[in-house]
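K.L.:
Below is the structure I would like to discuss, written out as C-alpha cells.
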Amino acid sequence: MTTKYSTRCGFSLVELLVVLAVIGVLIALILPAVQQARETSRRMACTNNLKQLSLALHVYHDTFNVFPYREGGSGQHQHNGGTLAPYQRQSGFVGLLPYIEQSAAANEVHMHGDSMTPWDDFHPWTVTFDSLICPSSPRHLSNDVIADANYTFCAGDSFDTETLEPRGIFGLVNHTTMGDITDGTSNTLALSEHGFPTSPRDRFNVNYGSDPATPAECAVTFDPINGYSNPISSPGSRWTDGGSAFSAMNTCLPPNSPQCAYSNHDAQDGFYTASSYHPGGVMATFADGSVRFITETIDAGNQGAVSVASGPSPYGVWGAMGSKSGGEYTPGSE
C-alpha cells in the first residue's frame with residue numbers, strides 16, 4: 001500500500017497584507033459612490049418636499065386668491081420690540097397645514113391656536129412634519145420644544161424683511177397675489193432651505209446685533225475658526241414662527257453665506273441666507289411651482305451695494321430671483 005500525504009499551505013503574512021490592502025482600496029473607491037447615492041436619494045426627497053409645498057401654495061392661492069403671508073395670524077404680533085395688533089407671529093406654514101395633508105393639526109389650530117404664540121408649548125407646534133424636514137440636514141442645535149423646519153419663505157432681495165411691502169412674495173401681515181409678480185412666476189423665488197446649525201461656531205447660525213449695511217459687511221462678521229460674535233441658532237427653529245430669524249430668507253448674499261440680524265430680536269430685518277447640506281448649493285421652488293438647484297457660485301452682483309426699495313436688484317441674477325417686480329431679466333439659475 002502507498003500512503004499519500006497532502007500538504008495545505010496558508011497565506012503568508014505578506015499575502016495577507018496585500019489582500020487587506022486591496023480590500024481597503026476597493027472600499028475607498030466604493031464609499032464615495034455609496035455616499036453620493038445616499039445624498040442623491042436625500043436630495044430627491046428634499047425636492048419632493050418642495051414640490052409638495054409649492055403645490056400647497058398654489059392650492060392656497062386658488063382658495064383665497066392670495067399667497068399666505070410669511071408672518072401674521074390671529075392675536076397680537078410682536079414687531080421690532082413693540083406690538084402691531086391684532087396680528088401675531090405665526091408663520092405661513094400654519095396656514096398651509098390643510099394643504100400638506102395635516103388636517104388634524106389644522107383643526108386643532110383652528111379651535112385653539114388663535115390664543116397661542118408660536119413659542120407656546122402647544123401640541124401641534126411640537127409635532128415634526130416630514131414634509132418640512134430635508135433628510136440631508138443633520139440634527140438641529142436647539143433646545144426649543146417647538147419642532148423644526150428646513151424650508152423658508154423668500155422675502156426678496158432686501159435686508160428689509162419685517163415689512164408690509166416686501167420686495168419678494170412673503171412679508172409681514174400682508175398678502176401677495178399672482179398678479180403682483182410682474183417679473184414672472186418662473187423667475188421669482190418662493191421657498192428655499194435653511195440648513196440647521198449644528199454647533200455654536202456653525203456658519204448656519206445667525207449673528208445677532210451686527211447691523212451691517214451691505215451683504216459684504218455681513219459676510220465678514222463670520223470667522224471660520226471662532227464663528228460669529230453673537231451666534232443664535234434660530235434658522236430652522238420653530239416652524240410655527242414667522243419672525244425673520246426663523247422663517248425668512250433673502251437673495252442678497254449667495255447661498256450658504258453668513259447671516260446677520262439687526263439688533264437682538266427674532267423679528268428683525270437682516271441678511272438671512274438660503275443654506276443647505278447639499279454639496280454646492282440649495283434647492284429652491286419658484287412661484288410657478290418648479291423646483292431647481294441653485295449653486296453657491298450664482299451671480300450675486302455688487303455685494304457692497306445697499307438694498308434698493310424699487311427697480312432692478314443690485315445683487316445680480318440671485319437678487320433678481322428674489323424680487324417679484326424688479327423688472328429684471330432673469331437667465332437660468334445654474
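Chain labels follow the order of the C-alpha cells: the first chain is A, the next B, and so on; residue numbering restarts at 1 in every chain, and ligands are counted from 1 in their shown order.
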For Gly326 in chain A, list every protein, DNA or RNA residue within 10 Å, evaluated using only C-alpha atoms, and leave out those in the same chain fewer than 2 positions away; present the list as a ChimeraX atom specification.
P.N.:
/A:156-157,167-168,181-183,308-313,319-324,328-329
K.L.:
Using DSSP assignments from the backbone, pull out every residue in range 127-288 of chain A that falls under alpha helix (DSSP H) and give it to me as a PDB file with all heavy atoms, in the first residue's frame.
P.N.:
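The result, written out as part_22.pdb:
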```pdb
ATOM      1  N   PRO A 215     -24.412  93.392   2.165  1.00  0.00           N
ATOM      2  CA  PRO A 215     -24.071  91.972   2.286  1.00  0.00           C
ATOM      3  C   PRO A 215     -22.590  91.744   2.585  1.00  0.00           C
ATOM      4  O   PRO A 215     -22.243  90.853   3.361  1.00  0.00           O
ATOM      5  CB  PRO A 215     -24.457  91.416   0.914  1.00  0.00           C
ATOM      6  CG  PRO A 215     -25.508  92.330   0.401  1.00  0.00           C
ATOM      7  CD  PRO A 215     -25.139  93.684   0.908  1.00  0.00           C
ATOM      8  N   ALA A 216     -21.726  92.532   1.965  1.00  0.00           N
ATOM      9  CA  ALA A 216     -20.287  92.363   2.187  1.00  0.00           C
ATOM     10  C   ALA A 216     -19.929  92.587   3.654  1.00  0.00           C
ATOM     11  O   ALA A 216     -19.074  91.878   4.216  1.00  0.00           O
ATOM     12  CB  ALA A 216     -19.501  93.324   1.294  1.00  0.00           C
ATOM     13  N   GLU A 217     -20.567  93.563   4.299  1.00  0.00           N
ATOM     14  CA  GLU A 217     -20.306  93.819   5.715  1.00  0.00           C
ATOM     15  C   GLU A 217     -20.795  92.669   6.579  1.00  0.00           C
ATOM     16  O   GLU A 217     -20.194  92.350   7.611  1.00  0.00           O
ATOM     17  CB  GLU A 217     -20.965  95.136   6.133  1.00  0.00           C
ATOM     18  CG  GLU A 217     -20.311  96.365   5.555  1.00  0.00           C
ATOM     19  CD  GLU A 217     -20.984  97.650   6.011  1.00  0.00           C
ATOM     20  OE1 GLU A 217     -21.770  97.606   6.980  1.00  0.00           O
ATOM     21  OE2 GLU A 217     -20.722  98.692   5.389  1.00  0.00           O
ATOM     22  N   CYS A 218     -21.883  92.040   6.174  1.00  0.00           N
ATOM     23  CA  CYS A 218     -22.377  90.880   6.909  1.00  0.00           C
ATOM     24  C   CYS A 218     -21.409  89.710   6.770  1.00  0.00           C
ATOM     25  O   CYS A 218     -21.121  89.004   7.745  1.00  0.00           O
ATOM     26  CB  CYS A 218     -23.764  90.484   6.413  1.00  0.00           C
ATOM     27  SG  CYS A 218     -24.406  88.949   7.123  1.00  0.00           S
ATOM     28  N   ALA A 219     -20.897  89.501   5.570  1.00  0.00           N
ATOM     29  CA  ALA A 219     -20.042  88.343   5.295  1.00  0.00           C
ATOM     30  C   ALA A 219     -18.817  88.303   6.194  1.00  0.00           C
ATOM     31  O   ALA A 219     -18.400  87.227   6.647  1.00  0.00           O
ATOM     32  CB  ALA A 219     -19.627  88.334   3.828  1.00  0.00           C
ATOM     33  N   SER A 244     -38.339  86.789  11.157  1.00  0.00           N
ATOM     34  CA  SER A 244     -37.349  86.648  10.092  1.00  0.00           C
ATOM     35  C   SER A 244     -36.240  85.656  10.419  1.00  0.00           C
ATOM     36  O   SER A 244     -35.806  84.899   9.547  1.00  0.00           O
ATOM     37  CB  SER A 244     -36.723  88.009   9.782  1.00  0.00           C
ATOM     38  OG  SER A 244     -37.670  88.882   9.218  1.00  0.00           O
ATOM     39  N   ALA A 245     -35.760  85.660  11.657  1.00  0.00           N
ATOM     40  CA  ALA A 245     -34.662  84.772  12.021  1.00  0.00           C
ATOM     41  C   ALA A 245     -35.044  83.305  11.904  1.00  0.00           C
ATOM     42  O   ALA A 245     -34.175  82.443  11.752  1.00  0.00           O
ATOM     43  CB  ALA A 245     -34.188  85.071  13.443  1.00  0.00           C
ATOM     44  N   PHE A 246     -36.346  83.010  11.965  1.00  0.00           N
ATOM     45  CA  PHE A 246     -36.813  81.634  11.900  1.00  0.00           C
ATOM     46  C   PHE A 246     -37.252  81.229  10.492  1.00  0.00           C
ATOM     47  O   PHE A 246     -36.986  80.117  10.055  1.00  0.00           O
ATOM     48  CB  PHE A 246     -37.983  81.431  12.865  1.00  0.00           C
ATOM     49  CG  PHE A 246     -37.645  81.668  14.302  1.00  0.00           C
ATOM     50  CD1 PHE A 246     -37.947  82.877  14.908  1.00  0.00           C
ATOM     51  CD2 PHE A 246     -37.004  80.697  15.054  1.00  0.00           C
ATOM     52  CE1 PHE A 246     -37.629  83.111  16.233  1.00  0.00           C
ATOM     53  CE2 PHE A 246     -36.671  80.918  16.380  1.00  0.00           C
ATOM     54  CZ  PHE A 246     -36.985  82.127  16.977  1.00  0.00           C
ATOM     55  N   SER A 247     -37.954  82.100   9.800  1.00  0.00           N
ATOM     56  CA  SER A 247     -38.681  81.669   8.594  1.00  0.00           C
ATOM     57  C   SER A 247     -38.424  82.484   7.338  1.00  0.00           C
ATOM     58  O   SER A 247     -39.090  82.259   6.329  1.00  0.00           O
ATOM     59  CB  SER A 247     -40.187  81.678   8.883  1.00  0.00           C
ATOM     60  OG  SER A 247     -40.501  80.752   9.894  1.00  0.00           O
TER      61      SER A 247
END
```
K.L.:
I'd like the neighbourhood of Ser263 in chain A as a PyMOL selection string, where a residue qualifies if any of its atoms comes within 8 Å (using only C-alpha atoms), though same-chain residues fewer than 5 positions away should be ignored.
P.N.:
chain A and resi 208-211+268
K.L.:
Go through A:Thr177, A:Ser276, A:Thr188, A:Gln102 and flag the residue nearest Phe129 in chain A, using only C-alpha atoms for the distances.
P.N.:
A:Gln102
K.L.:
Using only C-alpha atoms, can you tell me which of A:Pro255, A:Pro231, A:Gly171, A:Pro224 comes closest to Ser199 in chain A?
P.N.:
A:Pro231
K.L.:
Which is closer to Ser142 in chain A than all the others in A:Gly73, A:Gly242, A:Pro200, A:Gly301, using only C-alpha atoms?
P.N.:
A:Pro200
K.L.:
Could you pull the residues within 12 Å of Gly95 in chain A, counting only C-alpha atoms, minus those fewer than 2 positions along the same chain, as a tab-separated table (two decimals) with all heavy atoms, in the first residue's frame?
P.N.:
```tsv
chain	number	residue	atom	x	y	z
A	53	LEU	N	-44.82	71.49	-1.12
A	53	LEU	CA	-45.08	72.83	-0.56
A	53	LEU	C	-45.50	73.81	-1.64
A	53	LEU	O	-46.37	74.67	-1.41
A	53	LEU	CB	-43.84	73.33	0.17
A	53	LEU	CG	-43.50	72.62	1.48
A	53	LEU	CD1	-42.13	73.05	2.00
A	53	LEU	CD2	-44.57	72.88	2.54
A	56	ALA	N	-49.01	73.18	-2.37
A	56	ALA	CA	-49.83	73.72	-1.30
A	56	ALA	C	-50.01	75.23	-1.45
A	56	ALA	O	-51.10	75.77	-1.22
A	56	ALA	CB	-49.19	73.40	0.06
A	57	LEU	N	-48.94	75.93	-1.84
A	57	LEU	CA	-49.05	77.38	-2.06
A	57	LEU	C	-50.06	77.68	-3.17
A	57	LEU	O	-50.86	78.63	-3.04
A	57	LEU	CB	-47.68	77.95	-2.44
A	57	LEU	CG	-46.62	78.06	-1.34
A	57	LEU	CD1	-45.29	78.49	-1.94
A	57	LEU	CD2	-47.06	79.03	-0.25
A	59	VAL	N	-52.60	75.74	-4.20
A	59	VAL	CA	-53.96	75.42	-3.76
A	59	VAL	C	-54.47	76.50	-2.82
A	59	VAL	O	-55.64	76.91	-2.88
A	59	VAL	CB	-54.01	74.03	-3.08
A	59	VAL	CG1	-55.39	73.75	-2.51
A	59	VAL	CG2	-53.62	72.95	-4.07
A	60	TYR	N	-53.59	76.99	-1.94
A	60	TYR	CA	-53.96	78.10	-1.05
A	60	TYR	C	-54.37	79.32	-1.88
A	60	TYR	O	-55.39	79.97	-1.59
A	60	TYR	CB	-52.78	78.45	-0.15
A	60	TYR	CG	-53.08	79.45	0.94
A	60	TYR	CD1	-53.31	79.05	2.25
A	60	TYR	CD2	-53.13	80.83	0.66
A	60	TYR	CE1	-53.58	79.97	3.25
A	60	TYR	CE2	-53.40	81.75	1.64
A	60	TYR	CZ	-53.63	81.32	2.94
A	60	TYR	OH	-53.92	82.24	3.93
A	61	HIS	N	-53.58	79.62	-2.91
A	61	HIS	CA	-53.91	80.78	-3.75
A	61	HIS	C	-55.22	80.56	-4.50
A	61	HIS	O	-56.02	81.49	-4.64
A	61	HIS	CB	-52.76	81.04	-4.74
A	61	HIS	CG	-52.85	82.36	-5.43
A	61	HIS	ND1	-53.74	82.61	-6.47
A	61	HIS	CD2	-52.18	83.52	-5.22
A	61	HIS	CE1	-53.59	83.86	-6.88
A	61	HIS	NE2	-52.65	84.44	-6.14
A	63	THR	N	-57.68	78.93	-3.43
A	63	THR	CA	-58.76	79.00	-2.44
A	63	THR	C	-59.04	80.44	-2.01
A	63	THR	O	-60.21	80.85	-1.91
A	63	THR	CB	-58.41	78.15	-1.20
A	63	THR	OG1	-58.14	76.81	-1.61
A	63	THR	CG2	-59.56	78.16	-0.18
A	64	PHE	N	-57.98	81.22	-1.77
A	64	PHE	CA	-58.14	82.56	-1.20
A	64	PHE	C	-57.75	83.69	-2.15
A	64	PHE	O	-57.85	84.87	-1.77
A	64	PHE	CB	-57.31	82.67	0.09
A	64	PHE	CG	-57.70	81.68	1.16
A	64	PHE	CD1	-56.91	80.58	1.42
A	64	PHE	CD2	-58.87	81.83	1.89
A	64	PHE	CE1	-57.24	79.66	2.41
A	64	PHE	CE2	-59.24	80.91	2.86
A	64	PHE	CZ	-58.42	79.83	3.12
A	66	VAL	N	-54.89	84.65	-2.86
A	66	VAL	CA	-53.65	85.27	-2.38
A	66	VAL	C	-52.73	84.15	-1.89
A	66	VAL	O	-53.18	83.05	-1.59
A	66	VAL	CB	-53.90	86.25	-1.21
A	66	VAL	CG1	-54.66	87.48	-1.64
A	66	VAL	CG2	-54.60	85.56	-0.03
A	67	PHE	N	-51.43	84.46	-1.80
A	67	PHE	CA	-50.49	83.58	-1.12
A	67	PHE	C	-50.56	83.85	0.38
A	67	PHE	O	-50.92	84.96	0.80
A	67	PHE	CB	-49.07	83.81	-1.61
A	67	PHE	CG	-48.80	83.29	-2.99
A	67	PHE	CD1	-48.60	84.18	-4.05
A	67	PHE	CD2	-48.75	81.93	-3.24
A	67	PHE	CE1	-48.34	83.71	-5.33
A	67	PHE	CE2	-48.51	81.45	-4.51
A	67	PHE	CZ	-48.30	82.33	-5.56
A	68	PRO	N	-50.19	82.88	1.22
A	68	PRO	CA	-50.14	83.17	2.66
A	68	PRO	C	-49.03	84.18	2.95
A	68	PRO	O	-48.06	84.29	2.19
A	68	PRO	CB	-49.82	81.81	3.28
A	68	PRO	CG	-49.13	81.05	2.21
A	68	PRO	CD	-49.75	81.51	0.92
A	69	TYR	N	-49.19	84.95	4.00
A	69	TYR	CA	-48.09	85.79	4.44
A	69	TYR	C	-47.05	84.92	5.13
A	69	TYR	O	-47.33	83.79	5.53
A	69	TYR	CB	-48.54	86.90	5.39
A	69	TYR	CG	-49.63	86.51	6.34
A	69	TYR	CD1	-49.50	85.43	7.21
A	69	TYR	CD2	-50.82	87.22	6.36
A	69	TYR	CE1	-50.51	85.08	8.07
A	69	TYR	CE2	-51.85	86.86	7.24
A	69	TYR	CZ	-51.68	85.79	8.08
A	69	TYR	OH	-52.68	85.43	8.95
A	70	ARG	N	-45.84	85.42	5.24
A	70	ARG	CA	-44.83	84.67	5.99
A	70	ARG	C	-45.04	84.82	7.49
A	70	ARG	O	-44.75	83.91	8.26
A	70	ARG	CB	-43.43	85.20	5.64
A	70	ARG	CG	-42.30	84.39	6.30
A	70	ARG	CD	-40.99	85.15	6.34
A	70	ARG	NE	-40.96	86.15	7.39
A	70	ARG	CZ	-40.82	87.46	7.18
A	70	ARG	NH1	-40.72	87.93	5.95
A	70	ARG	NH2	-40.80	88.31	8.20
A	71	GLU	N	-45.53	85.99	7.89
A	71	GLU	CA	-45.59	86.32	9.31
A	71	GLU	C	-46.89	87.05	9.60
A	71	GLU	O	-47.11	88.17	9.14
A	71	GLU	CB	-44.39	87.22	9.66
A	71	GLU	CG	-44.27	87.57	11.11
A	71	GLU	CD	-43.03	88.42	11.37
A	71	GLU	OE1	-42.33	88.78	10.40
A	71	GLU	OE2	-42.77	88.73	12.55
A	72	GLY	N	-47.76	86.42	10.37
A	72	GLY	CA	-49.05	87.03	10.71
A	72	GLY	C	-49.91	86.07	11.49
A	72	GLY	O	-49.41	85.13	12.09
A	73	GLY	N	-51.21	86.28	11.49
A	73	GLY	CA	-52.11	85.38	12.20
A	73	GLY	C	-52.95	86.13	13.21
A	73	GLY	O	-52.90	87.36	13.30
A	74	SER	N	-53.71	85.39	13.98
A	74	SER	CA	-54.57	85.99	15.00
A	74	SER	C	-53.78	86.34	16.25
A	74	SER	O	-52.67	85.84	16.47
A	74	SER	CB	-55.70	85.02	15.35
A	74	SER	OG	-56.44	84.67	14.21
A	90	GLN	N	-47.36	83.98	13.79
A	90	GLN	CA	-47.47	82.65	13.20
A	90	GLN	C	-46.95	82.65	11.76
A	90	GLN	O	-47.19	83.59	11.00
A	90	GLN	CB	-48.92	82.18	13.24
A	90	GLN	CG	-49.39	81.83	14.65
A	90	GLN	CD	-50.84	81.35	14.68
A	90	GLN	OE1	-51.45	81.13	13.64
A	90	GLN	NE2	-51.38	81.19	15.87
A	91	SER	N	-46.26	81.58	11.39
A	91	SER	CA	-45.65	81.51	10.07
A	91	SER	C	-46.64	81.08	9.01
A	91	SER	O	-47.74	80.58	9.31
A	91	SER	CB	-44.49	80.50	10.09
A	91	SER	OG	-44.98	79.17	10.04
A	92	GLY	N	-46.24	81.21	7.76
A	92	GLY	CA	-47.07	80.78	6.65
A	92	GLY	C	-47.34	79.29	6.64
A	92	GLY	O	-48.34	78.84	6.05
A	93	PHE	N	-46.47	78.50	7.28
A	93	PHE	CA	-46.70	77.06	7.33
A	93	PHE	C	-47.96	76.70	8.11
A	93	PHE	O	-48.59	75.67	7.83
A	93	PHE	CB	-45.50	76.35	7.94
A	93	PHE	CG	-44.26	76.40	7.09
A	93	PHE	CD1	-43.06	76.85	7.62
A	93	PHE	CD2	-44.28	75.98	5.77
A	93	PHE	CE1	-41.92	76.90	6.84
A	93	PHE	CE2	-43.15	76.03	4.98
A	93	PHE	CZ	-41.96	76.49	5.51
A	97	LEU	N	-51.13	74.11	6.59
A	97	LEU	CA	-51.34	72.78	7.16
A	97	LEU	C	-52.41	71.96	6.44
A	97	LEU	O	-52.18	70.78	6.14
A	97	LEU	CB	-51.68	72.89	8.65
A	97	LEU	CG	-50.53	73.21	9.61
A	97	LEU	CD1	-51.05	73.41	11.03
A	97	LEU	CD2	-49.49	72.09	9.59
A	98	PRO	N	-53.59	72.52	6.13
A	98	PRO	CA	-54.60	71.69	5.46
A	98	PRO	C	-54.16	71.22	4.07
A	98	PRO	O	-54.70	70.23	3.57
A	98	PRO	CB	-55.80	72.64	5.34
A	98	PRO	CG	-55.56	73.73	6.32
A	98	PRO	CD	-54.08	73.89	6.39
A	99	TYR	N	-53.19	71.90	3.47
A	99	TYR	CA	-52.81	71.61	2.09
A	99	TYR	C	-51.54	70.75	2.00
A	99	TYR	O	-51.07	70.46	0.90
A	99	TYR	CB	-52.63	72.91	1.32
A	99	TYR	CG	-53.81	73.84	1.54
A	99	TYR	CD1	-53.68	74.98	2.34
A	99	TYR	CD2	-55.05	73.54	0.99
A	99	TYR	CE1	-54.78	75.81	2.56
A	99	TYR	CE2	-56.15	74.37	1.21
A	99	TYR	CZ	-56.00	75.50	2.00
A	99	TYR	OH	-57.09	76.31	2.23
A	100	ILE	N	-50.98	70.38	3.17
A	100	ILE	CA	-49.86	69.43	3.19
A	100	ILE	C	-50.28	68.18	3.96
A	100	ILE	O	-49.46	67.52	4.61
A	100	ILE	CB	-48.58	70.05	3.78
A	100	ILE	CG1	-48.81	70.60	5.19
A	100	ILE	CG2	-48.04	71.14	2.87
A	100	ILE	CD1	-47.52	71.06	5.88
A	102	GLN	N	-52.20	67.73	6.64
A	102	GLN	CA	-52.13	67.80	8.10
A	102	GLN	C	-53.43	68.40	8.63
A	102	GLN	O	-53.43	69.36	9.39
A	102	GLN	CB	-50.91	68.61	8.54
A	102	GLN	CG	-49.58	68.06	8.09
A	102	GLN	CD	-49.31	66.66	8.62
A	102	GLN	OE1	-49.85	66.25	9.66
A	102	GLN	NE2	-48.47	65.91	7.91
A	103	SER	N	-54.53	67.80	8.25
A	103	SER	CA	-55.85	68.33	8.61
A	103	SER	C	-56.10	68.27	10.12
A	103	SER	O	-56.72	69.17	10.68
A	103	SER	CB	-56.95	67.57	7.87
A	103	SER	OG	-56.84	67.75	6.48
A	105	ALA	N	-53.93	68.51	12.60
A	105	ALA	CA	-53.22	69.63	13.24
A	105	ALA	C	-53.90	70.95	12.90
A	105	ALA	O	-54.04	71.83	13.76
A	105	ALA	CB	-51.77	69.65	12.79
A	106	ALA	N	-54.35	71.09	11.65
A	106	ALA	CA	-55.03	72.32	11.23
A	106	ALA	C	-56.31	72.53	12.03
A	106	ALA	O	-56.62	73.67	12.43
A	106	ALA	CB	-55.34	72.26	9.74
A	107	ASN	N	-57.05	71.47	12.28
A	107	ASN	CA	-58.30	71.59	13.05
A	107	ASN	C	-58.02	72.00	14.49
A	107	ASN	O	-58.74	72.82	15.07
A	107	ASN	CB	-59.06	70.27	13.02
A	107	ASN	CG	-59.64	69.96	11.66
A	107	ASN	OD1	-59.86	70.87	10.85
A	107	ASN	ND2	-59.87	68.69	11.37
A	109	VAL	N	-55.42	73.68	15.53
A	109	VAL	CA	-55.01	75.09	15.49
A	109	VAL	C	-56.23	75.98	15.32
A	109	VAL	O	-56.34	77.04	15.95
A	109	VAL	CB	-54.00	75.32	14.34
A	109	VAL	CG1	-53.72	76.81	14.16
A	109	VAL	CG2	-52.70	74.58	14.62
A	110	HIS	N	-57.17	75.57	14.47
A	110	HIS	CA	-58.37	76.37	14.24
A	110	HIS	C	-59.17	76.54	15.53
A	110	HIS	O	-59.74	77.62	15.78
A	110	HIS	CB	-59.24	75.71	13.17
A	110	HIS	CG	-60.50	76.45	12.87
A	110	HIS	ND1	-60.53	77.65	12.20
A	110	HIS	CD2	-61.80	76.16	13.17
A	110	HIS	CE1	-61.77	78.08	12.10
A	110	HIS	NE2	-62.57	77.19	12.67
A	113	GLY	N	-55.70	77.65	18.41
A	113	GLY	CA	-54.45	78.32	18.08
A	113	GLY	C	-54.49	79.83	18.10
A	113	GLY	O	-53.43	80.46	18.16
A	239	TRP	N	-41.05	75.95	13.36
A	239	TRP	CA	-41.73	76.02	12.06
A	239	TRP	C	-42.95	76.92	12.15
A	239	TRP	O	-43.45	77.41	11.13
A	239	TRP	CB	-42.13	74.62	11.61
A	239	TRP	CG	-43.23	73.98	12.42
A	239	TRP	CD1	-43.07	73.16	13.50
A	239	TRP	CD2	-44.64	74.10	12.22
A	239	TRP	NE1	-44.31	72.76	14.00
A	239	TRP	CE2	-45.28	73.33	13.22
A	239	TRP	CE3	-45.43	74.78	11.29
A	239	TRP	CZ2	-46.68	73.21	13.32
A	239	TRP	CZ3	-46.82	74.68	11.39
A	239	TRP	CH2	-47.43	73.90	12.40
A	240	THR	N	-43.41	77.19	13.36
A	240	THR	CA	-44.61	78.00	13.60
A	240	THR	C	-44.34	79.49	13.56
A	240	THR	O	-45.28	80.28	13.46
A	240	THR	CB	-45.16	77.67	14.99
A	240	THR	OG1	-44.11	77.93	15.98
A	240	THR	CG2	-45.55	76.22	15.10
A	241	ASP	N	-43.09	79.90	13.67
A	241	ASP	CA	-42.74	81.30	13.92
A	241	ASP	C	-42.35	82.00	12.62
A	241	ASP	O	-41.40	81.61	11.94
A	241	ASP	CB	-41.58	81.37	14.91
A	241	ASP	CG	-41.42	82.74	15.54
A	241	ASP	OD1	-41.76	83.74	14.89
A	241	ASP	OD2	-40.97	82.82	16.70
A	242	GLY	N	-43.10	83.06	12.28
A	242	GLY	CA	-42.83	83.81	11.06
A	242	GLY	C	-41.77	84.87	11.20
A	242	GLY	O	-41.44	85.55	10.22
```
K.L.:
Using only C-alpha atoms for the distances, tell me which of A:Val127, A:Val291, A:Ala149, A:Leu96 is nearest to Ser186 in chain A.
P.N.:
A:Val291
K.L.:
Could you please write out, as a VMD selection string, every residue of range 109-278 of chain A that DSSP assigns to strand (DSSP E or B)?
P.N.:
chain A and resid 151 to 156 172 189 to 193 206 to 208 223 227 231 to 232 241 248 to 250 260 to 261 270 to 271
K.L.:
Near Ser136 in chain A, counting only C-alpha atoms, which residues have an atom at most 7 Å away, once you skip same-chain residues fewer than 4 positions from it, shown as a list in words?
P.N.:
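Here the answer would be Glu39, Arg42, Arg43, Tyr277 and His278 of chain A.
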K.L.:
Output the selection as a PDB file, in the first residue's frame - N, CA and C atoms for each residue.
P.N.:
```
ATOM      1  N   GLU A  39     -26.822  60.737  -0.882  1.00  0.00           N
ATOM      2  CA  GLU A  39     -27.151  62.159  -0.978  1.00  0.00           C
ATOM      3  C   GLU A  39     -28.117  62.419  -2.123  1.00  0.00           C
ATOM      4  N   ARG A  42     -31.433  61.581  -0.780  1.00  0.00           N
ATOM      5  CA  ARG A  42     -31.897  62.611   0.157  1.00  0.00           C
ATOM      6  C   ARG A  42     -32.311  63.877  -0.582  1.00  0.00           C
ATOM      7  N   ARG A  43     -31.549  64.226  -1.604  1.00  0.00           N
ATOM      8  CA  ARG A  43     -31.875  65.430  -2.384  1.00  0.00           C
ATOM      9  C   ARG A  43     -33.191  65.249  -3.130  1.00  0.00           C
ATOM     10  N   TYR A 277     -27.228  71.416   3.296  1.00  0.00           N
ATOM     11  CA  TYR A 277     -26.112  70.485   3.339  1.00  0.00           C
ATOM     12  C   TYR A 277     -25.957  69.725   2.021  1.00  0.00           C
ATOM     13  N   HIS A 278     -26.672  70.146   0.983  1.00  0.00           N
ATOM     14  CA  HIS A 278     -26.423  69.598  -0.342  1.00  0.00           C
ATOM     15  C   HIS A 278     -25.091  70.171  -0.845  1.00  0.00           C
TER      16      HIS A 278
END
```
K.L.:
Counting only C-alpha atoms, which residue out of A:Pro235, A:Gly289, A:Pro138, A:Gly316 sits closest to Leu50 in chain A?
P.N.:
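Smallest separation from Leu50 in chain A among the options: A:Gly289.
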K.L.:
Please provide the set of residues having any atom within 12 Å of Ile232 in chain A, restricted to only C-alpha atoms, with same-chain residues fewer than 3 positions apart removed, written as number ranges by chain.
P.N.:
A: 140-143, 196-209, 227-229, 235-237, 245-246, 259-261, 264-266
K.L.:
Extract, using only C-alpha atoms, all DNA, RNA and protein residues at most 9 Å from Ile133 in chain A, discarding same-chain residues fewer than 6 positions from it, and format them as an NGL selection string.
P.N.:
:A and (46 or 49 or 148-151)
K.L.:
Using only C-alpha atoms, find the one residue out of A:Pro135, A:Gly327, A:Gly195, A:Pro314 that sits nearest to Thr273 in chain A.
P.N.:
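Ranked by minimum distance to Thr273 in chain A, first place goes to A:Gly195.
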K.L.:
Could you state the separation of CA of Asp288 in chain A and CA of Tyr315 in chain A in Å, given to one decimal place?
P.N.:
22.0 Å
